[in-house]
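Following: one structure in structure tokens, then a few remarks.
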Amino acid sequence: MPTAILSALPEEQHGLREQLDGTEHVRHAGRDFHTGRWHGRPVVLALSRIGKVAAATTATALIERFGAQRIVFTGVAGGLCPDVRVGDTVIATEFLQHDMNALPLFPRHEVPLYGLSRFAANAELVGLLSMAASAVSSGLFDGATRARFKLDGMRTHKGLLISGDRFVSAAQEAMTLQRDLPDALAVDMEGAAVAQVCYDYGIPFAAVRNISDRADDAAHVDFPAYLSQVAGKQARALISALLSLLD
Ligand code: ADE
């Protein structure tokens, strides 16, 4: 059964497909799935597209159609905590949908009828991702890229990743999220949705996100630049290291 590697955008998947041996392409549910072997292990690559529903559809297809044994999300996120900077890596230990609000019927952020607001990442995958992250260094990048994105101080953090159907690109909004969820390290648009699907199916899930922006007024400038110049290389190095660690 394959390990599924999910990314939201083509730039985040860039360089992953070339690593597969014996690649096959399957079009299903309006999405492209690429199967093959990487470090001798069966792998399926897919793009979730953007947002929670699109990501949930892709995750469901990975499980139902491709029999994914585990799912790992790789891509970028906006940093929220002050010490989570552009270039850093966030490995999620928990996921929460920051735009879930069924008040007054259910507590804020609780997913109705689950009795949960936070979904846990698979602890074993978190451990392996932590080891894999230490294999990724700023040495992957040339001097100009390192200087532009201040990659020399790249650090890894573990903790809460929050998701919602919003690209957070205003300092005020980022501050509100931080006030409501002080332990949130970073924000994306898919992770918590995939976590919920994997919870439903009992499939191990983890996510690793590189910080492309600070979810502030400059996020819309920082995000595309980081995506095109840094994200793909970081994802390839990290996933390669992870797959070499799997049984
Ligand atoms: N992914 C990367 N940056 C993000 C942001 N600022 N908001 C939501 N998702 C993101």
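Scheme for the structure tokens: letters A, B, ... for chains in order shown; per-chain residue numbers from 1; ligand numbers from 1 in order shown.
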
### Message
If the limit is 8 Å from any atom of ligand 1, counting only C-alpha atoms and all ligand atoms, which residues qualify? Return them as a list of chain:residue names.
### Response
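Counting only C-alpha atoms and all ligand atoms, the residues within 8 Å of ligand 1 come out as A:Val76, A:Ala77, A:Gly78, A:Gly79, A:Ser163, A:Gly164, A:Asp165, A:Arg166, A:Phe167, A:Val168, A:Ser169, A:Val187, A:Asp188, A:Met189, A:Ile211, A:Ser212, A:Asp213, A:Arg214, A:Ala215, A:Asp216, A:Ala219, A:His220, A:Phe223.
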
Could you save those same residues with N, CA, C and O atoms as a CSV table (one decimal), in the first residue's frame?
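Contents of again-v6.csv, as written:
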```csv
chain,number,residue,atom,x,y,z
A,76,VAL,N,3.6,24.9,2.0
A,76,VAL,CA,4.0,26.1,2.7
A,76,VAL,C,2.8,26.6,3.6
A,76,VAL,O,1.7,26.1,3.4
A,77,ALA,N,3.1,27.5,4.5
A,77,ALA,CA,2.1,28.0,5.4
A,77,ALA,C,2.6,29.4,5.8
A,77,ALA,O,3.7,29.8,5.6
A,78,GLY,N,1.6,30.1,6.4
A,78,GLY,CA,1.9,31.5,6.9
A,78,GLY,C,2.3,31.3,8.4
A,78,GLY,O,1.6,30.7,9.2
A,79,GLY,N,3.4,32.0,8.8
A,79,GLY,CA,3.8,31.9,10.2
A,79,GLY,C,2.9,32.8,11.1
A,79,GLY,O,2.6,33.9,10.7
A,163,SER,N,-6.1,25.7,10.1
A,163,SER,CA,-6.5,25.8,8.7
A,163,SER,C,-7.8,26.4,8.5
A,163,SER,O,-8.7,26.3,9.4
A,164,GLY,N,-8.0,27.1,7.4
A,164,GLY,CA,-9.3,27.7,7.1
A,164,GLY,C,-9.4,28.1,5.7
A,164,GLY,O,-8.3,28.2,5.0
A,165,ASP,N,-10.6,28.5,5.2
A,165,ASP,CA,-10.7,28.8,3.8
A,165,ASP,C,-10.5,30.3,3.6
A,165,ASP,O,-11.3,31.0,3.1
A,166,ARG,N,-9.3,30.7,4.1
A,166,ARG,CA,-8.9,32.1,3.9
A,166,ARG,C,-7.4,32.2,3.7
A,166,ARG,O,-6.7,31.5,4.5
A,167,PHE,N,-6.9,32.9,2.7
A,167,PHE,CA,-5.5,33.2,2.7
A,167,PHE,C,-5.3,34.4,3.6
A,167,PHE,O,-5.8,35.5,3.4
A,168,VAL,N,-4.6,34.2,4.7
A,168,VAL,CA,-4.5,35.3,5.7
A,168,VAL,C,-3.4,36.3,5.3
A,168,VAL,O,-2.2,35.9,5.2
A,169,SER,N,-3.8,37.5,4.9
A,169,SER,CA,-2.8,38.4,4.4
A,169,SER,C,-3.0,39.8,5.0
A,169,SER,O,-3.0,40.8,4.3
A,187,VAL,N,-0.5,28.9,9.8
A,187,VAL,CA,-1.9,28.8,9.2
A,187,VAL,C,-1.7,28.4,7.7
A,187,VAL,O,-0.9,28.8,7.0
A,188,ASP,N,-2.6,27.4,7.4
A,188,ASP,CA,-2.7,27.0,6.0
A,188,ASP,C,-4.2,26.9,5.6
A,188,ASP,O,-5.0,27.4,6.3
A,189,MET,N,-4.5,26.2,4.5
A,189,MET,CA,-5.8,26.2,4.0
A,189,MET,C,-6.3,24.7,3.8
A,189,MET,O,-7.4,24.5,3.3
A,211,ILE,N,7.6,27.9,6.1
A,211,ILE,CA,6.9,29.2,6.2
A,211,ILE,C,7.3,30.1,5.1
A,211,ILE,O,8.5,30.5,4.9
A,212,SER,N,6.3,30.4,4.3
A,212,SER,CA,6.5,31.2,3.1
A,212,SER,C,6.3,32.7,3.4
A,212,SER,O,6.8,33.6,2.6
A,213,ASP,N,5.6,33.0,4.4
A,213,ASP,CA,5.2,34.4,4.7
A,213,ASP,C,4.7,34.5,6.2
A,213,ASP,O,4.6,33.5,6.8
A,214,ARG,N,4.5,35.7,6.6
A,214,ARG,CA,4.1,35.9,8.0
A,214,ARG,C,2.6,36.1,8.1
A,214,ARG,O,2.1,36.7,9.2
A,215,ALA,N,1.8,35.8,7.1
A,215,ALA,CA,0.3,36.0,7.2
A,215,ALA,C,0.0,37.4,7.4
A,215,ALA,O,-1.1,37.7,8.0
A,216,ASP,N,0.9,38.4,7.0
A,216,ASP,CA,0.7,39.8,7.3
A,216,ASP,C,0.4,40.6,6.0
A,216,ASP,O,0.1,39.9,5.0
A,219,ALA,N,2.1,39.3,2.9
A,219,ALA,CA,2.0,37.8,2.6
A,219,ALA,C,1.8,37.6,1.1
A,219,ALA,O,2.4,36.6,0.6
A,220,HIS,N,1.0,38.4,0.5
A,220,HIS,CA,0.7,38.2,-0.9
A,220,HIS,C,1.9,38.4,-1.8
A,220,HIS,O,1.9,37.9,-3.0
A,223,PHE,N,4.6,35.1,-0.4
A,223,PHE,CA,4.1,33.8,-0.7
A,223,PHE,C,4.5,33.3,-2.1
A,223,PHE,O,5.1,32.3,-2.3
```

### Glu190 (chain A) environment, 12 Å, only C-alpha atoms, sequence neighbours closer than 6 positions dropped, as a ChimeraX atom specification
/A:6-9,47-59,73-77,95-99,161-167,196-197,207-209

### Query
For Gly153 (chain A), which residue out of A:Gly139, A:Gly202, A:Gly191, A:Pro42 is the nearest one, using only C-alpha atoms?
A:Gly139

#### Entry: Nearest to Ala144 (chain A), chosen from A:His28, A:Ala184, A:Ala102, A:Gln229, with only C-alpha atoms counted in the distances
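Among A:His28, A:Ala184, A:Ala102, A:Gln229, it is A:Gln229 that comes nearest to Ala144 (chain A).
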
Please return, as an mmCIF file with N, CA, C and O atoms, in the first residue's frame, all residues of region 44-217 of chain A that DSSP assigns to strand (DSSP E or B) on the basis of the backbone.
```cif
data_model
loop_
_atom_site.group_PDB
_atom_site.id
_atom_site.type_symbol
_atom_site.label_atom_id
_atom_site.label_comp_id
_atom_site.auth_asym_id
_atom_site.auth_seq_id
_atom_site.Cartn_x
_atom_site.Cartn_y
_atom_site.Cartn_z
ATOM 1 N N VAL A 44 2.256 7.498 -3.888
ATOM 2 C CA VAL A 44 1.321 8.181 -4.787
ATOM 3 C C VAL A 44 1.381 9.675 -4.464
ATOM 4 O O VAL A 44 1.320 10.064 -3.298
ATOM 5 N N LEU A 45 1.554 10.473 -5.515
ATOM 6 C CA LEU A 45 1.618 11.933 -5.361
ATOM 7 C C LEU A 45 0.319 12.541 -5.866
ATOM 8 O O LEU A 45 -0.210 12.124 -6.900
ATOM 9 N N ALA A 46 -0.160 13.549 -5.160
ATOM 10 C CA ALA A 46 -1.376 14.229 -5.614
ATOM 11 C C ALA A 46 -1.356 15.681 -5.181
ATOM 12 O O ALA A 46 -0.668 16.046 -4.216
ATOM 13 N N LEU A 47 -2.125 16.489 -5.904
ATOM 14 C CA LEU A 47 -2.337 17.887 -5.517
ATOM 15 C C LEU A 47 -3.719 17.997 -4.889
ATOM 16 O O LEU A 47 -4.712 17.560 -5.481
ATOM 17 N N ARG A 70 -0.726 5.735 4.481
ATOM 18 C CA ARG A 70 -0.504 6.929 5.311
ATOM 19 C C ARG A 70 -0.504 8.120 4.368
ATOM 20 O O ARG A 70 -0.230 7.962 3.170
ATOM 21 N N ILE A 71 -0.802 9.300 4.916
ATOM 22 C CA ILE A 71 -0.764 10.518 4.091
ATOM 23 C C ILE A 71 0.145 11.526 4.779
ATOM 24 O O ILE A 71 0.051 11.742 5.993
ATOM 25 N N VAL A 72 1.015 12.129 3.982
ATOM 26 C CA VAL A 72 1.885 13.209 4.480
ATOM 27 C C VAL A 72 1.646 14.431 3.605
ATOM 28 O O VAL A 72 1.724 14.348 2.378
ATOM 29 N N PHE A 73 1.348 15.553 4.244
ATOM 30 C CA PHE A 73 1.134 16.806 3.512
ATOM 31 C C PHE A 73 2.418 17.612 3.555
ATOM 32 O O PHE A 73 3.008 17.788 4.615
ATOM 33 N N THR A 74 2.833 18.082 2.396
ATOM 34 C CA THR A 74 4.019 18.941 2.359
ATOM 35 C C THR A 74 3.686 20.202 1.572
ATOM 36 O O THR A 74 2.973 20.138 0.578
ATOM 37 N N GLY A 75 4.162 21.336 2.067
ATOM 38 C CA GLY A 75 3.871 22.583 1.373
ATOM 39 C C GLY A 75 4.262 23.765 2.222
ATOM 40 O O GLY A 75 5.126 23.647 3.093
ATOM 41 N N VAL A 76 3.606 24.895 1.963
ATOM 42 C CA VAL A 76 3.964 26.118 2.684
ATOM 43 C C VAL A 76 2.817 26.570 3.583
ATOM 44 O O VAL A 76 1.671 26.127 3.430
ATOM 45 N N ALA A 77 3.134 27.459 4.511
ATOM 46 C CA ALA A 77 2.127 28.012 5.424
ATOM 47 C C ALA A 77 2.566 29.412 5.831
ATOM 48 O O ALA A 77 3.726 29.791 5.643
ATOM 49 N N GLY A 78 1.636 30.144 6.404
ATOM 50 C CA GLY A 78 1.941 31.470 6.939
ATOM 51 C C GLY A 78 2.297 31.344 8.415
ATOM 52 O O GLY A 78 1.592 30.675 9.174
ATOM 53 N N GLY A 79 3.379 31.990 8.837
ATOM 54 C CA GLY A 79 3.803 31.926 10.235
ATOM 55 C C GLY A 79 2.931 32.813 11.112
ATOM 56 O O GLY A 79 2.593 33.928 10.723
ATOM 57 N N THR A 89 10.583 25.567 9.380
ATOM 58 C CA THR A 89 9.750 24.396 9.108
ATOM 59 C C THR A 89 8.822 24.169 10.296
ATOM 60 O O THR A 89 9.273 24.230 11.440
ATOM 61 N N VAL A 90 7.551 23.938 9.998
ATOM 62 C CA VAL A 90 6.595 23.599 11.059
ATOM 63 C C VAL A 90 6.103 22.171 10.829
ATOM 64 O O VAL A 90 5.583 21.851 9.752
ATOM 65 N N ILE A 91 6.299 21.331 11.825
ATOM 66 C CA ILE A 91 5.757 19.971 11.785
ATOM 67 C C ILE A 91 4.552 19.972 12.713
ATOM 68 O O ILE A 91 4.681 20.273 13.905
ATOM 69 N N ALA A 92 3.384 19.683 12.143
ATOM 70 C CA ALA A 92 2.162 19.763 12.945
ATOM 71 C C ALA A 92 2.053 18.566 13.876
ATOM 72 O O ALA A 92 2.276 17.429 13.466
ATOM 73 N N THR A 93 1.727 18.850 15.131
ATOM 74 C CA THR A 93 1.383 17.756 16.048
ATOM 75 C C THR A 93 -0.133 17.704 16.245
ATOM 76 O O THR A 93 -0.681 16.694 16.659
ATOM 77 N N GLU A 94 -0.796 18.847 15.946
ATOM 78 C CA GLU A 94 -2.264 18.939 16.064
ATOM 79 C C GLU A 94 -2.779 19.840 14.950
ATOM 80 O O GLU A 94 -2.054 20.739 14.492
ATOM 81 N N PHE A 95 -4.061 19.633 14.599
ATOM 82 C CA PHE A 95 -4.699 20.423 13.533
ATOM 83 C C PHE A 95 -6.037 20.957 14.041
ATOM 84 O O PHE A 95 -6.778 20.242 14.734
ATOM 85 N N LEU A 96 -6.366 22.177 13.628
ATOM 86 C CA LEU A 96 -7.643 22.781 14.033
ATOM 87 C C LEU A 96 -8.156 23.651 12.885
ATOM 88 O O LEU A 96 -7.370 24.307 12.200
ATOM 89 N N GLN A 97 -9.478 23.655 12.687
ATOM 90 C CA GLN A 97 -10.075 24.519 11.660
ATOM 91 C C GLN A 97 -10.439 25.854 12.317
ATOM 92 O O GLN A 97 -11.392 25.917 13.097
ATOM 93 N N VAL A 111 -15.604 20.624 15.959
ATOM 94 C CA VAL A 111 -16.233 20.072 14.754
ATOM 95 C C VAL A 111 -17.505 19.367 15.211
ATOM 96 O O VAL A 111 -17.443 18.416 15.992
ATOM 97 N N LEU A 116 -14.676 17.195 19.152
ATOM 98 C CA LEU A 116 -13.244 17.503 19.039
ATOM 99 C C LEU A 116 -13.060 18.819 18.311
ATOM 100 O O LEU A 116 -13.762 19.098 17.334
ATOM 101 N N PHE A 119 -7.410 17.700 15.993
ATOM 102 C CA PHE A 119 -7.120 16.352 15.523
ATOM 103 C C PHE A 119 -5.608 16.146 15.635
ATOM 104 O O PHE A 119 -4.836 17.009 15.213
ATOM 105 N N ALA A 120 -5.215 15.018 16.200
ATOM 106 C CA ALA A 120 -3.777 14.778 16.431
ATOM 107 C C ALA A 120 -3.104 14.221 15.182
ATOM 108 O O ALA A 120 -3.697 13.414 14.448
ATOM 109 N N THR A 156 13.242 24.422 13.045
ATOM 110 C CA THR A 156 12.071 23.533 12.985
ATOM 111 C C THR A 156 11.264 23.677 14.267
ATOM 112 O O THR A 156 11.833 23.715 15.358
ATOM 113 N N HIS A 157 9.944 23.797 14.113
ATOM 114 C CA HIS A 157 9.036 23.920 15.265
ATOM 115 C C HIS A 157 8.007 22.787 15.178
ATOM 116 O O HIS A 157 7.638 22.368 14.085
ATOM 117 N N LYS A 158 7.510 22.372 16.326
ATOM 118 C CA LYS A 158 6.440 21.363 16.345
ATOM 119 C C LYS A 158 5.275 21.897 17.150
ATOM 120 O O LYS A 158 5.496 22.470 18.230
ATOM 121 N N GLY A 159 4.048 21.711 16.662
ATOM 122 C CA GLY A 159 2.898 22.182 17.421
ATOM 123 C C GLY A 159 1.658 22.304 16.554
ATOM 124 O O GLY A 159 1.499 21.592 15.554
ATOM 125 N N LEU A 160 0.804 23.256 16.939
ATOM 126 C CA LEU A 160 -0.525 23.385 16.328
ATOM 127 C C LEU A 160 -0.464 24.095 14.973
ATOM 128 O O LEU A 160 0.080 25.199 14.863
ATOM 129 N N LEU A 161 -1.074 23.467 13.964
ATOM 130 C CA LEU A 161 -1.253 24.075 12.638
ATOM 131 C C LEU A 161 -2.749 24.325 12.466
ATOM 132 O O LEU A 161 -3.554 23.410 12.689
ATOM 133 N N ILE A 162 -3.117 25.547 12.091
ATOM 134 C CA ILE A 162 -4.544 25.834 11.921
ATOM 135 C C ILE A 162 -4.854 26.061 10.438
ATOM 136 O O ILE A 162 -4.006 26.529 9.681
ATOM 137 N N SER A 163 -6.086 25.690 10.064
ATOM 138 C CA SER A 163 -6.484 25.759 8.655
ATOM 139 C C SER A 163 -7.833 26.441 8.528
ATOM 140 O O SER A 163 -8.692 26.316 9.402
ATOM 141 N N ALA A 184 -1.090 28.510 18.252
ATOM 142 C CA ALA A 184 -1.010 28.194 16.814
ATOM 143 C C ALA A 184 0.321 28.675 16.257
ATOM 144 O O ALA A 184 0.683 29.838 16.400
ATOM 145 N N LEU A 185 1.046 27.763 15.608
ATOM 146 C CA LEU A 185 2.345 28.131 15.039
ATOM 147 C C LEU A 185 2.188 28.737 13.649
ATOM 148 O O LEU A 185 2.902 29.660 13.290
ATOM 149 N N ALA A 186 1.261 28.165 12.861
ATOM 150 C CA ALA A 186 1.172 28.568 11.460
ATOM 151 C C ALA A 186 -0.229 28.301 10.928
ATOM 152 O O ALA A 186 -1.013 27.559 11.544
ATOM 153 N N VAL A 187 -0.528 28.947 9.787
ATOM 154 C CA VAL A 187 -1.855 28.817 9.189
ATOM 155 C C VAL A 187 -1.721 28.359 7.741
ATOM 156 O O VAL A 187 -0.860 28.830 7.006
ATOM 157 N N ASP A 188 -2.612 27.398 7.365
ATOM 158 C CA ASP A 188 -2.681 26.978 5.971
ATOM 159 C C ASP A 188 -4.158 26.870 5.593
ATOM 160 O O ASP A 188 -5.025 27.369 6.317
ATOM 161 N N PHE A 205 -1.685 10.311 9.605
ATOM 162 C CA PHE A 205 -1.517 11.557 8.851
ATOM 163 C C PHE A 205 -0.537 12.470 9.574
ATOM 164 O O PHE A 205 -0.529 12.549 10.798
ATOM 165 N N ALA A 206 0.269 13.161 8.796
ATOM 166 C CA ALA A 206 1.128 14.218 9.351
ATOM 167 C C ALA A 206 1.329 15.279 8.280
ATOM 168 O O ALA A 206 1.104 15.022 7.089
ATOM 169 N N ALA A 207 1.733 16.457 8.712
ATOM 170 C CA ALA A 207 1.963 17.555 7.761
ATOM 171 C C ALA A 207 3.224 18.298 8.140
ATOM 172 O O ALA A 207 3.499 18.526 9.319
ATOM 173 N N VAL A 208 3.955 18.667 7.111
ATOM 174 C CA VAL A 208 5.147 19.491 7.310
ATOM 175 C C VAL A 208 5.018 20.691 6.376
ATOM 176 O O VAL A 208 4.730 20.545 5.203
ATOM 177 N N ARG A 209 5.185 21.863 6.974
ATOM 178 C CA ARG A 209 4.966 23.096 6.203
ATOM 179 C C ARG A 209 6.166 24.019 6.368
ATOM 180 O O ARG A 209 6.638 24.247 7.485
ATOM 181 N N ASN A 210 6.625 24.564 5.266
ATOM 182 C CA ASN A 210 7.668 25.589 5.329
ATOM 183 C C ASN A 210 7.003 26.947 5.325
ATOM 184 O O ASN A 210 5.989 27.152 4.640
ATOM 185 N N ILE A 211 7.572 27.855 6.073
ATOM 186 C CA ILE A 211 6.934 29.166 6.246
ATOM 187 C C ILE A 211 7.325 30.086 5.084
ATOM 188 O O ILE A 211 8.484 30.462 4.936
ATOM 189 N N SER A 212 6.311 30.415 4.272
ATOM 190 C CA SER A 212 6.546 31.243 3.076
ATOM 191 C C SER A 212 6.308 32.720 3.357
ATOM 192 O O SER A 212 6.761 33.585 2.602
ATOM 193 N N ASP A 213 5.575 33.020 4.420
ATOM 194 C CA ASP A 213 5.168 34.411 4.707
ATOM 195 C C ASP A 213 4.721 34.474 6.160
ATOM 196 O O ASP A 213 4.597 33.452 6.823
#
```

### Message
Can you pull out the residues contacting Lys150 (chain A)? Cut-off 10 Å, using only C-alpha atoms, and skip same-chain residues under 6 positions away; I want them as a PyMOL selection string.
### Response
chain A and resi 85-88+138+143-144

For the residues in the current selection, export N, CA, C and O atoms as a PDB file, in the first residue's frame.
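Output saved as again28.pdb:
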```
ATOM      1  N   ARG A  85       9.528  32.021  11.621  1.00  0.00           N
ATOM      2  CA  ARG A  85       9.917  32.976  10.582  1.00  0.00           C
ATOM      3  C   ARG A  85       9.927  32.337   9.200  1.00  0.00           C
ATOM      4  O   ARG A  85       9.952  31.100   9.088  1.00  0.00           O
ATOM      5  N   VAL A  86       9.947  33.200   8.187  1.00  0.00           N
ATOM      6  CA  VAL A  86      10.040  32.715   6.794  1.00  0.00           C
ATOM      7  C   VAL A  86      11.261  31.805   6.681  1.00  0.00           C
ATOM      8  O   VAL A  86      12.341  32.136   7.182  1.00  0.00           O
ATOM      9  N   GLY A  87      11.065  30.652   6.037  1.00  0.00           N
ATOM     10  CA  GLY A  87      12.145  29.668   5.877  1.00  0.00           C
ATOM     11  C   GLY A  87      12.116  28.578   6.919  1.00  0.00           C
ATOM     12  O   GLY A  87      12.666  27.496   6.705  1.00  0.00           O
ATOM     13  N   ASP A  88      11.471  28.839   8.068  1.00  0.00           N
ATOM     14  CA  ASP A  88      11.387  27.817   9.114  1.00  0.00           C
ATOM     15  C   ASP A  88      10.477  26.668   8.660  1.00  0.00           C
ATOM     16  O   ASP A  88       9.686  26.807   7.714  1.00  0.00           O
ATOM     17  N   SER A 138      20.081  25.058   4.582  1.00  0.00           N
ATOM     18  CA  SER A 138      20.106  26.192   3.660  1.00  0.00           C
ATOM     19  C   SER A 138      21.126  25.971   2.546  1.00  0.00           C
ATOM     20  O   SER A 138      21.116  26.674   1.536  1.00  0.00           O
ATOM     21  N   GLY A 143      23.515  31.602  -2.732  1.00  0.00           N
ATOM     22  CA  GLY A 143      23.691  32.703  -1.782  1.00  0.00           C
ATOM     23  C   GLY A 143      22.601  33.755  -1.883  1.00  0.00           C
ATOM     24  O   GLY A 143      22.113  34.256  -0.857  1.00  0.00           O
ATOM     25  N   ALA A 144      22.183  34.081  -3.131  1.00  0.00           N
ATOM     26  CA  ALA A 144      21.180  35.139  -3.305  1.00  0.00           C
ATOM     27  C   ALA A 144      19.842  34.710  -2.702  1.00  0.00           C
ATOM     28  O   ALA A 144      19.161  35.499  -2.018  1.00  0.00           O
TER      29      ALA A 144
END
```

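Counting only C-alpha atoms and comparing A:Arg155, A:Arg118, A:Arg41, A:Lys233, the residue that lies closest to Met100 (chain A) is A:Arg118.
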
### Query
Quick one: residues within 6 Å of region 34-36 of chain A, only C-alpha atoms counted, chain neighbours fewer than 5 positions away excluded, as an MDAnalysis selection string?
chainID A and resid 20:25 42:45

### Task
Please measure the separation of CA of Asp217 (chain A) and CA of Ala170 (chain A), giving the value in Å to one decimal.
4.5 Å

### Query
Nearest to Ala235 (chain A): which of A:Ser137, A:Gln69, A:Ser117, A:Thr3 is it, counting only C-alpha atoms?
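So, comparing all the options, the nearest one is A:Ser137.
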
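Distances here use only C-alpha atoms; by that measure, the residue among A:Phe141, A:Phe106, A:Trp38, A:Tyr199 closest to Asn122 (chain A) is A:Tyr199.
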
### Task
Would you please give, as a PyMOL selection string, all residues of region 76-193 of chain A that DSSP assigns to helix (DSSP H, G or I) based on the backbone?
chain A and resi 123-133+138-140+143-148+151-153+171-180+191-193

Could you save the residues just selected, with C-alpha atoms, as an mmCIF file, in the first residue's frame?
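So out.cif came out as:
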```cif
data_model
loop_
_atom_site.group_PDB
_atom_site.id
_atom_site.type_symbol
_atom_site.label_atom_id
_atom_site.label_comp_id
_atom_site.auth_asym_id
_atom_site.auth_seq_id
_atom_site.Cartn_x
_atom_site.Cartn_y
_atom_site.Cartn_z
ATOM 1 C CA ALA A 123 3.136 10.510 16.493
ATOM 2 C CA GLU A 124 5.390 8.085 14.608
ATOM 3 C CA LEU A 125 5.231 10.176 11.422
ATOM 4 C CA VAL A 126 5.904 13.340 13.446
ATOM 5 C CA GLY A 127 9.055 11.692 14.832
ATOM 6 C CA LEU A 128 10.222 10.629 11.370
ATOM 7 C CA LEU A 129 9.490 14.091 9.927
ATOM 8 C CA SER A 130 11.566 15.650 12.712
ATOM 9 C CA MET A 131 14.502 13.459 11.734
ATOM 10 C CA ALA A 132 13.924 14.191 8.038
ATOM 11 C CA ALA A 133 13.780 17.959 8.675
ATOM 12 C CA SER A 138 20.106 26.192 3.660
ATOM 13 C CA GLY A 139 22.977 24.634 1.680
ATOM 14 C CA LEU A 140 20.348 23.577 -0.891
ATOM 15 C CA GLY A 143 23.691 32.703 -1.782
ATOM 16 C CA ALA A 144 21.180 35.139 -3.305
ATOM 17 C CA THR A 145 18.186 32.946 -2.390
ATOM 18 C CA ARG A 146 19.565 32.377 1.099
ATOM 19 C CA ALA A 147 20.020 36.107 1.604
ATOM 20 C CA ARG A 148 16.634 37.093 0.163
ATOM 21 C CA LEU A 151 17.396 30.981 5.084
ATOM 22 C CA ASP A 152 20.557 30.680 7.147
ATOM 23 C CA GLY A 153 18.669 30.661 10.423
ATOM 24 C CA ALA A 171 -1.466 41.686 10.178
ATOM 25 C CA GLN A 172 -4.721 42.468 11.980
ATOM 26 C CA GLU A 173 -6.254 39.122 11.020
ATOM 27 C CA ALA A 174 -3.087 37.241 11.968
ATOM 28 C CA MET A 175 -3.158 38.970 15.375
ATOM 29 C CA THR A 176 -6.794 37.987 15.913
ATOM 30 C CA LEU A 177 -5.961 34.355 15.124
ATOM 31 C CA GLN A 178 -3.039 34.497 17.551
ATOM 32 C CA ARG A 179 -5.192 36.047 20.257
ATOM 33 C CA ASP A 180 -7.866 33.322 19.844
ATOM 34 C CA GLY A 191 -4.152 20.518 6.792
ATOM 35 C CA ALA A 192 -6.994 20.269 9.310
ATOM 36 C CA ALA A 193 -9.426 19.072 6.618
#
```
